[in-house]
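Asks: This is the content of run_27.cif (mmCIF, C-alpha atoms and all ligand atoms):
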```cif
data_query
loop_
_atom_site.label_atom_id
_atom_site.label_comp_id
_atom_site.auth_asym_id
_atom_site.auth_seq_id
_atom_site.Cartn_x
_atom_site.Cartn_y
_atom_site.Cartn_z
CA MET A 155 -118.17 49.12 56.60
CA THR A 156 -116.21 46.28 55.26
CA SER A 157 -113.55 47.31 52.89
CA LEU A 158 -112.93 44.68 50.27
CA ILE A 159 -109.90 45.35 48.26
CA ARG A 160 -109.42 42.99 45.39
CA SER A 161 -105.97 42.86 44.03
CA ALA A 162 -105.42 43.70 40.44
CA VAL A 163 -103.79 40.36 39.97
CA ARG A 164 -104.34 39.00 36.57
CA ARG A 165 -105.81 35.64 35.85
CA PHE A 166 -102.93 33.28 35.77
CA GLY A 167 -102.38 30.80 33.03
CA PRO A 168 -102.95 27.12 33.68
CA THR A 169 -100.50 25.64 36.13
CA SER A 170 -100.47 22.19 34.66
CA GLY A 171 -97.17 20.43 34.71
CA LEU A 172 -94.71 20.18 37.49
CA ARG A 173 -93.54 22.80 39.83
CA PHE A 174 -92.22 23.14 43.32
CA SER A 175 -94.90 22.80 45.92
CA ALA A 176 -95.08 23.22 49.64
CA ARG A 177 -93.14 24.89 52.32
CA LEU A 178 -91.88 28.04 50.82
CA TYR A 179 -90.71 30.97 52.85
CA SER A 180 -88.73 34.11 52.41
CA GLU A 181 -87.53 36.51 55.07
CA SER A 182 -86.53 38.78 52.26
CA ALA A 183 -88.23 39.18 48.95
CA LYS A 184 -86.09 36.34 47.65
CA SER A 185 -87.87 33.03 47.93
CA VAL A 186 -86.37 29.99 49.57
CA ARG A 187 -87.98 26.87 48.21
CA ARG A 188 -88.22 23.59 50.03
CA GLY A 189 -90.14 20.47 49.32
CA ASP A 190 -90.78 18.01 46.58
CA ALA A 191 -89.92 19.33 43.17
CA THR A 192 -91.79 16.52 41.48
CA SER A 193 -95.20 17.08 43.04
CA THR A 194 -98.06 18.45 40.98
CA SER A 195 -99.79 21.59 42.19
CA LYS A 196 -103.30 21.05 43.45
CA TYR A 197 -104.54 24.61 43.46
CA GLU A 198 -104.28 27.64 41.22
CA LEU A 199 -104.05 30.98 42.98
CA VAL A 200 -106.40 33.52 41.43
CA GLY A 201 -106.54 36.49 43.82
CA VAL A 202 -106.71 37.74 47.38
CA VAL A 203 -109.10 40.03 49.20
CA VAL A 204 -108.19 41.74 52.46
CA ASN A 205 -111.15 41.89 54.82
CA ASN A 206 -110.63 44.78 57.19
CA ASP A 207 -113.51 46.15 59.22
CA ALA A 208 -112.66 49.83 59.29
CA ASN A 209 -115.44 50.64 61.73
CA ASN A 210 -114.25 48.11 64.22
CA SER A 211 -111.70 49.64 66.57
CA SER A 212 -110.11 46.25 66.99
CA ALA A 213 -109.20 46.34 63.32
CA THR A 214 -106.45 48.76 64.20
CA THR A 215 -104.72 45.87 65.89
CA ASN A 216 -105.75 43.46 63.15
CA GLU A 217 -108.01 41.54 65.52
CA ASP A 218 -110.55 40.86 62.80
CA VAL A 219 -108.44 41.04 59.67
CA SER A 220 -108.60 38.10 57.33
CA LEU A 221 -107.66 37.20 53.78
CA SER A 222 -110.19 35.74 51.38
CA ILE A 223 -108.19 33.65 48.97
CA ASP A 224 -109.63 32.91 45.56
CA TYR A 225 -108.25 29.85 43.84
CA LYS A 226 -109.18 27.02 41.55
CA ALA A 227 -109.30 23.38 42.52
CA ARG A 228 -109.71 21.05 39.55
CA ASN A 229 -110.65 24.16 37.56
CA GLU A 230 -113.54 24.90 39.93
CA PRO A 231 -113.43 28.39 41.47
CA ARG A 232 -113.24 28.36 45.28
CA ARG A 233 -112.78 30.87 48.06
CA THR A 234 -111.35 30.26 51.52
CA THR A 235 -111.14 32.96 54.17
CA VAL A 236 -108.26 32.76 56.64
CA SER A 237 -107.58 34.86 59.72
CA VAL A 238 -104.25 36.69 59.69
CA LYS A 239 -103.66 35.29 63.18
CA TRP A 240 -103.82 31.81 61.72
CA LEU A 241 -101.44 32.86 58.94
CA ARG A 242 -98.90 34.23 61.42
CA ASP A 243 -99.24 31.13 63.61
CA HIS A 244 -98.53 28.87 60.63
CA CYS A 245 -95.55 30.79 59.29
CA ARG A 246 -92.95 28.23 58.28
CA SER A 247 -89.91 30.47 58.40
CA ASP A 248 -86.80 29.21 60.11
CA THR A 249 -87.33 31.95 62.66
CA LEU A 250 -90.70 30.63 63.73
CA TYR A 251 -90.50 26.95 62.79
CA ASN A 252 -87.97 24.22 63.40
CA TRP A 253 -87.88 22.15 60.24
CA GLN A 254 -85.69 19.51 61.83
CA THR A 255 -88.17 18.69 64.57
CA ARG A 256 -91.30 20.00 62.84
CA GLN A 257 -92.12 22.06 65.92
CA ARG A 258 -93.18 25.65 66.29
CA LYS A 259 -90.81 28.01 68.07
CA ASP A 260 -93.32 30.56 69.37
CA ASP A 261 -94.72 30.37 72.91
CA MET A 262 -97.96 32.09 71.79
CA THR A 263 -97.95 34.74 74.48
CA GLY A 264 -97.79 37.59 71.97
CA LEU A 265 -99.61 36.38 68.89
CA SER A 266 -102.12 39.24 68.76
CA GLY A 267 -99.34 41.81 68.76
CA LYS A 268 -97.29 39.96 66.17
CA ALA A 269 -100.15 39.20 63.78
CA GLN A 270 -100.43 42.76 62.54
CA LEU A 271 -99.94 43.49 58.87
CA LEU A 272 -97.64 46.39 57.97
CA PRO A 273 -99.51 48.85 55.73
CA ASP A 274 -97.59 50.58 52.96
CA ALA A 275 -99.24 53.91 52.19
CA GLN A 276 -96.84 54.54 49.30
CA ALA A 277 -97.69 51.36 47.46
CA SER A 278 -99.63 51.60 44.25
CA ASP A 279 -101.05 48.09 44.46
CA PRO A 280 -104.21 48.02 46.62
CA LEU A 281 -103.15 44.79 48.30
CA ALA A 282 -99.68 46.07 49.05
CA LYS A 283 -101.23 49.04 50.86
CA HIS A 284 -102.41 46.44 53.41
CA GLY A 285 -99.07 44.68 53.64
CA VAL A 286 -99.96 41.79 51.35
CA LEU A 287 -98.11 40.96 48.12
CA LEU A 288 -99.03 38.47 45.45
CA HIS A 289 -96.35 36.73 43.41
CA PRO A 290 -98.20 35.15 40.50
CA ASP A 291 -95.21 33.41 38.97
CA SER A 292 -94.44 31.45 42.12
CA GLN A 293 -98.12 31.23 43.13
CA THR A 294 -97.29 32.72 46.48
CA ILE A 295 -98.76 35.19 48.94
CA GLN A 296 -96.41 37.32 51.00
CA LEU A 297 -97.41 38.98 54.26
CA ASN A 298 -95.36 41.82 55.69
CA TRP A 299 -95.77 42.15 59.44
CA LYS A 300 -95.35 45.24 61.62
CA ASP A 301 -92.53 43.61 63.59
CA GLY A 302 -90.46 43.34 60.42
CA HIS A 303 -91.08 39.66 59.86
CA LYS A 304 -92.21 38.39 56.45
CA THR A 305 -94.19 35.25 55.73
CA VAL A 306 -94.57 33.66 52.31
CA PHE A 307 -96.95 30.81 51.56
CA ASP A 308 -97.43 29.09 48.28
CA ILE A 309 -101.06 28.29 47.62
CA ASP A 310 -100.71 24.51 47.95
CA THR A 311 -98.92 24.77 51.26
CA LEU A 312 -101.35 27.29 52.66
CA LEU A 313 -104.46 25.31 51.76
CA ASP A 314 -102.97 22.00 52.85
CA LEU A 315 -102.03 23.51 56.20
CA TYR A 316 -105.42 25.13 56.53
CA HIS A 317 -106.95 21.73 55.93
CA LEU A 318 -110.18 22.63 54.23
CA PRO A 319 -113.24 21.42 56.14
CA ALA A 320 -114.22 17.86 55.40
CA ASP A 321 -117.39 17.34 53.44
CA THR A 322 -117.86 13.76 54.60
CA ASP A 323 -118.41 12.35 58.06
CA VAL A 324 -115.80 9.62 57.69
CA SER A 325 -112.33 9.48 56.22
CA PRO A 326 -112.17 8.80 52.47
CA LEU A 327 -109.88 5.91 53.36
CA GLN A 328 -112.57 4.17 55.36
CA GLN A 329 -115.10 1.86 53.78
CA LEU A 330 -118.10 1.40 56.02
CA TRP A 331 -119.63 -2.04 55.98
CA THR A 332 -122.39 -4.33 57.09
CA GLY A 333 -122.16 -8.11 57.35
CA GLU A 334 -123.97 -8.28 54.05
CA SER A 335 -121.60 -5.97 52.21
CA LEU A 336 -118.35 -7.29 53.71
CA LYS A 337 -119.34 -10.97 53.72
CA LYS A 338 -115.99 -12.20 55.08
CA LEU A 339 -112.94 -11.10 57.03
CA PRO A 340 -110.29 -9.16 55.09
CA VAL A 341 -107.26 -11.48 55.17
CA VAL A 342 -103.71 -10.21 54.69
CA GLU A 343 -100.20 -11.61 54.82
CA ALA A 344 -98.67 -10.75 58.16
CA ALA A 345 -95.39 -9.73 56.60
CA ASN A 346 -97.02 -7.22 54.29
CA SER A 347 -97.29 -4.28 56.63
CA ALA A 348 -98.58 -1.91 53.94
CA GLU A 349 -101.47 -4.23 53.14
CA PHE A 350 -102.17 -4.74 56.82
CA ALA A 351 -102.17 -0.99 57.47
CA LYS A 352 -104.42 -0.14 54.53
CA ASN A 353 -106.97 -2.82 55.36
CA PHE A 354 -106.98 -1.92 59.03
CA VAL A 355 -107.72 1.70 58.18
CA LYS A 356 -110.24 0.75 55.50
CA TYR A 357 -112.30 -1.85 57.37
CA GLY A 358 -111.25 -1.65 61.02
CA ILE A 359 -110.64 -5.41 61.00
CA VAL A 360 -107.85 -7.53 59.57
CA ALA A 361 -107.24 -11.28 59.82
CA VAL A 362 -103.97 -13.14 59.50
CA GLU A 363 -104.12 -16.85 58.75
CA GLY A 364 -101.75 -19.74 59.22
CA VAL A 365 -100.62 -18.80 62.71
CA GLY A 366 -99.51 -21.52 65.12
CA HIS A 367 -102.21 -22.47 67.59
CA GLU A 368 -100.72 -25.09 69.90
CA ASN A 369 -100.57 -22.34 72.47
CA GLY A 370 -100.42 -18.55 72.43
CA ALA A 371 -96.71 -18.26 71.60
CA ALA A 372 -97.01 -17.77 67.83
CA THR A 373 -99.81 -15.24 68.28
CA LYS A 374 -97.78 -13.29 70.79
CA ALA A 375 -94.77 -13.28 68.47
CA LEU A 376 -96.94 -12.07 65.58
CA CYS A 377 -98.40 -9.26 67.68
CA GLU A 378 -94.94 -8.10 68.66
CA THR A 379 -94.20 -7.44 64.98
CA ILE A 380 -97.22 -5.17 64.61
CA ALA A 381 -97.25 -2.83 67.61
CA PRO A 382 -96.24 -2.71 71.27
CA PHE A 383 -98.66 -4.23 73.77
CA HIS A 384 -101.15 -1.86 75.35
CA THR A 385 -100.78 -3.02 78.92
CA THR A 386 -103.67 -2.97 81.36
CA PHE A 387 -104.50 -4.93 84.51
CA TYR A 388 -105.08 -7.83 82.12
CA GLU A 389 -101.32 -7.63 81.51
CA ASP A 390 -99.69 -7.82 78.09
CA PHE A 391 -101.01 -11.06 76.68
CA TRP A 392 -103.54 -13.53 77.91
CA VAL A 393 -104.83 -17.04 77.36
CA PHE A 394 -108.27 -17.67 78.76
CA SER A 395 -111.33 -19.85 78.43
CA ASN A 396 -114.73 -20.38 79.96
CA GLN A 397 -112.97 -22.74 82.39
CA ALA A 398 -110.22 -20.31 83.34
CA GLN A 399 -111.41 -20.13 86.94
CA GLN A 400 -110.46 -23.80 87.36
CA SER A 401 -107.19 -23.57 85.43
CA LYS A 402 -103.72 -22.71 86.68
CA ASP A 403 -102.50 -21.84 83.18
CA GLU A 404 -105.20 -19.37 82.19
CA GLN A 405 -106.00 -15.89 83.43
CA TYR A 406 -109.33 -15.33 85.10
CA HIS A 407 -111.29 -12.18 85.85
CA GLU A 408 -114.80 -11.72 87.17
CA ASP A 409 -116.28 -10.77 83.83
CA THR A 410 -118.92 -12.29 81.57
CA ALA A 411 -116.23 -12.64 78.90
CA TYR A 412 -115.03 -15.64 80.94
CA SER A 413 -118.41 -17.40 80.79
CA ASN A 414 -120.19 -19.16 77.94
CA GLU A 415 -122.98 -16.60 77.74
CA ALA A 416 -123.76 -14.61 74.62
CA LEU A 417 -122.23 -11.13 74.51
CA ALA A 418 -123.88 -8.35 72.54
CA PRO A 419 -121.63 -6.15 70.40
CA HIS A 420 -119.50 -3.77 72.45
CA THR A 421 -116.14 -2.07 72.52
CA ASP A 422 -113.62 -2.94 75.20
CA GLY A 423 -112.02 -0.81 77.85
CA THR A 424 -114.62 1.95 78.07
CA TYR A 425 -113.62 2.15 81.73
CA PHE A 426 -110.13 3.28 80.75
CA GLU A 427 -109.26 6.84 79.86
CA GLN A 428 -106.58 5.33 77.61
CA THR A 429 -108.90 3.03 75.71
CA PRO A 430 -107.16 0.00 74.22
CA GLY A 431 -106.94 0.74 70.51
CA ILE A 432 -106.38 -2.63 68.85
CA GLN A 433 -107.88 -5.85 70.11
CA VAL A 434 -106.45 -9.21 69.11
CA PHE A 435 -108.34 -12.52 69.21
CA HIS A 436 -107.14 -15.99 68.36
CA CYS A 437 -109.44 -18.92 69.07
CA LEU A 438 -107.08 -21.73 70.04
CA HIS A 439 -109.85 -24.21 70.84
CA PRO A 440 -113.33 -23.67 69.38
CA ALA A 441 -116.46 -24.49 71.34
CA ALA A 442 -118.34 -27.71 70.70
CA SER A 443 -121.19 -25.59 69.41
CA GLY A 444 -121.82 -21.85 69.15
CA GLY A 445 -119.27 -19.24 70.12
CA ASP A 446 -119.31 -17.42 66.78
CA THR A 447 -117.69 -14.02 66.79
CA ILE A 448 -119.97 -11.09 65.97
CA LEU A 449 -118.44 -7.95 64.46
CA VAL A 450 -120.22 -4.65 63.84
CA ASP A 451 -118.87 -1.58 62.08
CA GLY A 452 -119.68 0.97 64.76
CA PHE A 453 -119.00 3.86 62.39
CA ASN A 454 -121.61 2.52 59.98
CA ALA A 455 -124.16 2.23 62.79
CA VAL A 456 -123.37 5.74 64.01
CA ARG A 457 -123.70 7.10 60.50
CA GLN A 458 -127.13 5.45 60.24
CA LEU A 459 -128.06 7.14 63.50
CA HIS A 460 -126.82 10.49 62.16
CA LEU A 461 -128.97 10.11 59.06
CA SER A 462 -132.09 8.84 60.77
CA ASN A 463 -131.94 10.71 64.06
CA PRO A 464 -129.49 13.65 64.06
CA HIS A 465 -130.68 14.79 67.48
CA ALA A 466 -129.78 11.43 69.03
CA PHE A 467 -126.40 11.59 67.29
CA ASP A 468 -125.81 15.03 68.74
CA VAL A 469 -126.83 13.91 72.25
CA LEU A 470 -124.39 11.02 72.10
CA THR A 471 -121.52 13.26 70.98
CA ARG A 472 -121.88 15.54 73.99
CA THR A 473 -123.16 13.40 76.88
CA LEU A 474 -120.32 12.05 79.01
CA VAL A 475 -121.05 8.44 79.96
CA PRO A 476 -119.33 6.92 83.01
CA HIS A 477 -118.01 3.35 82.84
CA HIS A 478 -116.26 1.21 85.40
CA TYR A 479 -114.69 -2.18 86.01
CA LEU A 480 -114.77 -3.23 89.64
CA GLU A 481 -113.27 -6.51 90.80
CA GLY A 482 -113.53 -6.87 94.56
CA GLU A 483 -111.03 -4.69 96.35
CA VAL A 484 -108.39 -5.48 93.76
CA ILE A 485 -109.31 -3.55 90.63
CA ASP A 486 -111.13 -0.23 90.46
CA ALA A 487 -111.01 1.18 86.92
CA ARG A 488 -113.22 4.16 86.04
CA CYS A 489 -113.62 6.64 83.25
CA ASP A 490 -116.28 9.32 82.95
CA VAL A 491 -114.78 11.89 80.62
CA PHE A 492 -115.90 10.72 77.17
CA PRO A 493 -119.15 10.58 75.21
CA VAL A 494 -120.27 7.50 73.26
CA ILE A 495 -119.40 9.15 69.96
CA ARG A 496 -116.15 11.10 69.73
CA LEU A 497 -115.51 13.35 66.75
CA ASP A 498 -112.20 14.71 65.54
CA SER A 499 -111.44 18.37 64.86
CA ASP A 500 -112.91 17.92 61.38
CA GLY A 501 -116.22 16.70 62.77
CA ARG A 502 -115.49 13.23 61.47
CA LEU A 503 -116.04 10.06 63.45
CA HIS A 504 -113.03 9.28 65.61
CA GLN A 505 -114.14 6.77 68.23
CA VAL A 506 -117.20 4.85 69.29
CA ARG A 507 -117.25 3.87 72.97
CA PHE A 508 -120.17 1.55 73.38
CA ASN A 509 -120.45 -0.96 76.19
CA PRO A 510 -123.85 -1.18 77.86
CA TYR A 511 -122.53 -3.79 80.31
CA ASP A 512 -119.74 -1.71 81.78
CA ARG A 513 -121.65 1.51 82.31
CA ALA A 514 -121.32 3.00 85.79
CA PRO A 515 -124.23 4.81 87.49
CA PHE A 516 -125.23 7.66 85.22
CA LYS A 517 -124.36 10.97 86.85
CA ALA A 518 -126.46 14.04 86.29
CA ARG A 519 -124.36 17.14 85.90
CA LYS A 520 -125.43 20.33 87.60
CA GLY A 521 -128.24 21.74 85.53
CA THR A 522 -129.17 18.41 83.93
CA THR A 523 -132.91 17.94 83.85
CA VAL A 524 -135.03 14.81 83.97
CA SER A 525 -135.86 15.56 80.37
CA ASP A 526 -132.15 15.60 79.46
CA ILE A 527 -131.68 12.20 81.05
CA ALA A 528 -134.69 10.75 79.25
CA ASP A 529 -133.31 12.22 76.03
CA PHE A 530 -129.98 10.49 76.58
CA TYR A 531 -131.63 7.12 77.19
CA LYS A 532 -133.77 7.48 74.10
CA SER A 533 -130.65 8.28 72.05
CA TYR A 534 -128.58 5.46 73.54
CA GLU A 535 -131.38 2.98 72.92
CA ALA A 536 -131.65 4.10 69.30
CA LEU A 537 -127.94 3.45 68.81
CA ALA A 538 -128.13 0.13 70.67
CA ARG A 539 -130.82 -1.06 68.27
CA LEU A 540 -128.61 -0.19 65.29
CA MET A 541 -125.60 -1.89 66.87
CA ASN A 542 -127.64 -5.05 67.48
CA ASP A 543 -129.36 -5.14 64.10
CA GLN A 544 -128.44 -8.58 62.78
CA SER A 545 -128.15 -7.35 59.22
CA ALA A 546 -125.38 -4.97 60.36
CA SER A 547 -123.14 -7.65 61.83
CA LEU A 548 -120.60 -10.00 60.36
CA ARG A 549 -120.82 -13.37 62.07
CA VAL A 550 -117.74 -15.55 61.77
CA PRO A 551 -116.72 -18.79 63.47
CA LEU A 552 -113.11 -18.08 64.43
CA ARG A 553 -110.91 -21.08 63.82
CA PRO A 554 -107.47 -22.02 65.20
CA GLY A 555 -104.81 -20.46 62.99
CA THR A 556 -106.73 -17.26 62.21
CA VAL A 557 -105.77 -14.20 64.26
CA LEU A 558 -108.21 -11.31 64.21
CA PHE A 559 -107.13 -7.69 64.71
CA ILE A 560 -109.93 -5.24 65.55
CA ASP A 561 -109.88 -1.43 65.66
CA ASN A 562 -111.49 -1.02 69.06
CA TYR A 563 -112.17 2.65 68.23
CA ARG A 564 -114.50 1.63 65.42
CA VAL A 565 -115.55 -2.02 65.32
CA LEU A 566 -117.63 -3.68 68.03
CA HIS A 567 -117.25 -7.34 68.91
CA GLY A 568 -119.52 -9.86 70.58
CA ARG A 569 -120.16 -13.58 70.49
CA THR A 570 -122.95 -16.08 70.47
CA ALA A 571 -123.53 -18.40 73.45
CA PHE A 572 -121.68 -21.67 73.30
CA SER A 573 -121.29 -25.06 74.88
CA GLY A 574 -118.14 -26.99 75.63
CA TYR A 575 -114.62 -25.77 76.18
CA ARG A 576 -113.57 -22.65 74.24
CA GLN A 577 -110.10 -21.19 74.62
CA LEU A 578 -108.81 -17.90 73.23
CA CYS A 579 -105.64 -15.95 73.45
CA GLY A 580 -105.21 -12.29 72.73
CA CYS A 581 -104.06 -8.89 73.81
CA TYR A 582 -104.45 -5.19 73.27
CA LEU A 583 -101.98 -3.34 71.07
CA SER A 584 -101.08 0.32 71.04
CA ARG A 585 -103.19 1.98 68.34
CA ASP A 586 -101.14 5.18 68.60
CA ALA A 587 -97.88 3.35 68.03
CA PHE A 588 -99.36 1.27 65.21
CA LEU A 589 -100.79 4.28 63.34
CA SER A 590 -97.59 6.27 63.85
CA LYS A 591 -95.84 3.74 61.63
CA ALA A 592 -98.80 2.72 59.47
CA ARG A 593 -99.32 6.27 58.17
CA ARG A 594 -96.21 5.92 56.03
CA HIS A 595 -98.21 3.50 53.89
CA ILE A 596 -100.95 6.10 53.39
CA PRO A 597 -100.60 8.77 50.67
CA SER A 598 -99.41 11.94 52.38
CA VAL A 599 -102.47 13.97 51.38
CA TYR A 600 -104.68 11.53 53.30
CA ARG A 601 -102.54 11.07 56.40
CA HIS A 602 -104.42 13.68 58.38
CA ASP A 603 -107.54 11.59 57.71
CA VAL A 604 -106.14 8.69 59.73
CA SER A 605 -106.83 9.44 63.36
FE FE N 1 -115.02 -7.59 74.84
#
```
What does the file become when written as structure tokens?
Ligand SMILES: [Fe+2]
Replies:
Amino acid sequence: MTSLIRSAVRRFGPTSGLRFSARLYSESAKSVRRGDATSTSKYELVGVVVNNDANNSSATTNEDVSLSIDYKARNEPRRTTVSVKWLRDHCRSDTLYNWQTRQRKDDMTGLSGKAQLLPDAQASDPLAKHGVLLHPDSQTIQLNWKDGHKTVFDIDTLLDLYHLPADTDVSPLQQLWTGESLKKLPVVEAANSAEFAKNFVKYGIVAVEGVGHENGAATKALCETIAPFHTTFYEDFWVFSNQAQQSKDEQYHEDTAYSNEALAPHTDGTYFEQTPGIQVFHCLHPAASGGDTILVDGFNAVRQLHLSNPHAFDVLTRTLVPHHYLEGEVIDARCDVFPVIRLDSDGRLHQVRFNPYDRAPFKARKGTTVSDIADFYKSYEALARLMNDQSASLRVPLRPGTVLFIDNYRVLHGRTAFSGYRQLCGCYLSRDAFLSKARRHIPSVYRHDVS
């Protein structure tokens, strides 16, 4: 029998106006407030229910105990149920959390024993009998633990930490696009890092104009202001063309990128476990004809797949696809630990790894059936058709002076066939390092949406 004990907490008055929010803890009944005194509260605490399965023997050790928290968000009533283990794990007391380094202090070997509420048989309040206290004035919930520790959360902090499940499949900061909707490259001033960061997160592509194009020097200098190079066997920065094999000054690798053939949309570096995150292109010498750059919002294509064929979407989120780059006896790069579509812990799109050219022989795991393999191919083909749908792509003739930055986790690139000499320079940049600094330009409530 589940015993639901609703506290007798009264309905609180409106919490409009300003009050302290976030990060509040008390080892005693006296509250210690931290945080931004000027922030506006997002949630209004209404009540708490202790869920305690009395018939379950594990309940005696609080294995299955949870709190259902009733609150209002924009005046709409909501309920979120949180395990007491989670609450203990996220205690922000100085005992359990280092505020200087923002690191936990617990080694997690004894969480089950520590996450036990201390009942108070003498208490008159039904919640307090279970070791839970509500403080309406400060909008806080206090948990008394059997080991003597006390945890206090204010409602904003608790719900922000709990990170309510996303109700969209992409970040609210991202604007999915097709060639038709975007029409042209988003151009920003290089020096404006906030604008660069916001556009990069929003569209997955950003262009900077007016960059020197006599050689790759100005491009390299620009890149160094944005993020560290993501070094691979291609080295930090490269200048190459379709005639690189005959040139002493250009890098050459045995790859179709160094030819004048058309390349269908793809992401780079699928054969690396550490996939390059940001790709940079600068066309220093355009082809006599052709050689347009093709860009596809991979997240938009994947969302279309999710809507039209959820089974194929699911297959591509869980089938690990091997890729490799083999160059004689010199280079042997392989990666077979990721699916085509990677989701984050919210279930939102995190990365698309799509490169039909660089796929290694498909390996059947133990237990994989012929039907499973056919299912994968059907799913991959469905996505390939969406990726190559001309209406999805933005086709731009890159010109000297315009440097293009691409989120290689989201946006695919390709090119049309061309004739004549075509020279590019470019590099990969560290996406991790870039986002680490770019997040400061994102409102704090959305930072966890940038991954
Ligand atoms: Fe490429």
Asks: For the interface of chain A with ligand FE 1 (chain N) (cut-off 7 Å, counting all atoms listed in the file), please tabulate each contacting residue of chain A alongside its nearest pair of atoms and their separation in Å to one decimal, rows sorted by chain and increasing number, as JSON lines.
Replies:
```
{"residue": "A:Ala411", "atom": "CA", "partner": "N:FE1", "partner_atom": "FE", "distance": 6.6}
{"residue": "A:His420", "atom": "CA", "partner": "N:FE1", "partner_atom": "FE", "distance": 6.4}
{"residue": "A:Thr421", "atom": "CA", "partner": "N:FE1", "partner_atom": "FE", "distance": 6.1}
{"residue": "A:Asp422", "atom": "CA", "partner": "N:FE1", "partner_atom": "FE", "distance": 4.9}
{"residue": "A:His567", "atom": "CA", "partner": "N:FE1", "partner_atom": "FE", "distance": 6.3}
{"residue": "A:Gly568", "atom": "CA", "partner": "N:FE1", "partner_atom": "FE", "distance": 6.6}
```
Asks: Take the residues just selected and output them with C-alpha atoms as a JSON list (two decimals), in the frame of the given file.
Replies:
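Listing of part-v7.json after writing:
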```json
[["chain", "number", "residue", "atom", "x", "y", "z"],
["A", 411, "ALA", "CA", -116.23, -12.64, 78.90],
["A", 420, "HIS", "CA", -119.50, -3.77, 72.45],
["A", 421, "THR", "CA", -116.14, -2.07, 72.52],
["A", 422, "ASP", "CA", -113.62, -2.94, 75.20],
["A", 567, "HIS", "CA", -117.25, -7.34, 68.91],
["A", 568, "GLY", "CA", -119.52, -9.86, 70.58]]
```
Asks: Skip region 385-391 of chain A itself and residues of its chain fewer than 6 positions away, then list as a VMD selection string all residues within 10 Å of it, counting all atoms listed in the file.
Replies: chain A and resid 370 to 371 373 to 374 377 405 to 407 423 426 428 to 430 434 485 487 579 to 584
Asks: CA of Ala538 (chain A) to CA of Val324 (chain A): how many Å, to one decimal?
Replies: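 Going from CA of Ala538 (chain A) over to CA of Val324 (chain A), I get 20.3 Å.
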Asks: Quick one: residues within 9 Å of Ala275 (chain A), all atoms listed in the file, excluding same-chain residues fewer than 6 positions away - as a list in words?
Replies: Ala282, Lys283 and His284 of chain A
Asks: Could you tell me how far CA of Thr235 (chain A) lies from CA of Asn205 (chain A), in Å and to one decimal?
Replies: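 CA of Thr235 (chain A) sits 9.0 Å away from CA of Asn205 (chain A).
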Asks: Do you know which residues are at most 6 Å from region 547-557 of chain A counting all atoms listed in the file, after dropping those on the same chain fewer than 3 positions away, and could you put them as number ranges by chain?
Replies: A: 332-333, 361-367, 435-438, 446-450, 544
Asks: Measuring between all atoms listed in the file, which one of A:Val204, A:Val238, A:Val219, A:Asp323 shows the shortest distance to Pro280 (chain A)?
Replies: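 For Pro280 (chain A), the nearest of the candidates is A:Val204.
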Asks: Using only C-alpha atoms - which residues lie no farther than 6 Å from the point (-117.2, 5.5, 73.0) in the file's frame? Write them as a count of residues only.
Replies: 7
Asks: Would you please work out which residue, of A:Cys245, A:Ala466, A:Leu461, A:Ile560, is nearest to Asn298 (chain A) when using only C-alpha atoms?
Replies: A:Cys245
Asks: Counting all atoms listed in the file, which residue out of A:Asn229, A:Asn454, A:Ser325, A:Ser395 sits closest to Val355 (chain A)?
Replies: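 Smallest separation from Val355 (chain A) among the options: A:Ser325.
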Asks: From the set A:Thr471, A:Gln577, A:Thr305, A:Gln433, which residue has the shortest atom-to-atom contact distance to Lys268 (chain A), counting only C-alpha atoms?
Replies: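 Comparing A:Thr471, A:Gln577, A:Thr305, A:Gln433 against Lys268 (chain A), the winner is A:Thr305.
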Asks: Separation of CA of Leu480 (chain A) and CA of Thr424 (chain A), in Å?
Replies: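 Computing it gives 12.7 Å between the two atoms.
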Asks: Any chance you could work out the axis-aligned box around region 347-357 of chain A, listed atoms only, 5 Å on each side, giving centre and edge lengths in Å to one decimal, as lines of an AutoDock Vina configuration file?
Replies:
```
center_x = -104.8
center_y = -1.5
center_z = 56.1
size_x = 25.0
size_y = 16.4
size_z = 15.9
```
Asks: Nearest to Val469 (chain A): which of A:Pro515, A:Glu535, A:Phe453, A:Glu427 is it, counting all atoms listed in the file?
Replies: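 Closest to Val469 (chain A), using all atoms listed in the file: A:Glu535.
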Asks: Using only C-alpha atoms, find the one residue out of A:Lys356, A:Pro476, A:Leu287, A:Ile295 that sits nearest to Leu330 (chain A).
Replies: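 Nearest to Leu330 (chain A): A:Lys356.
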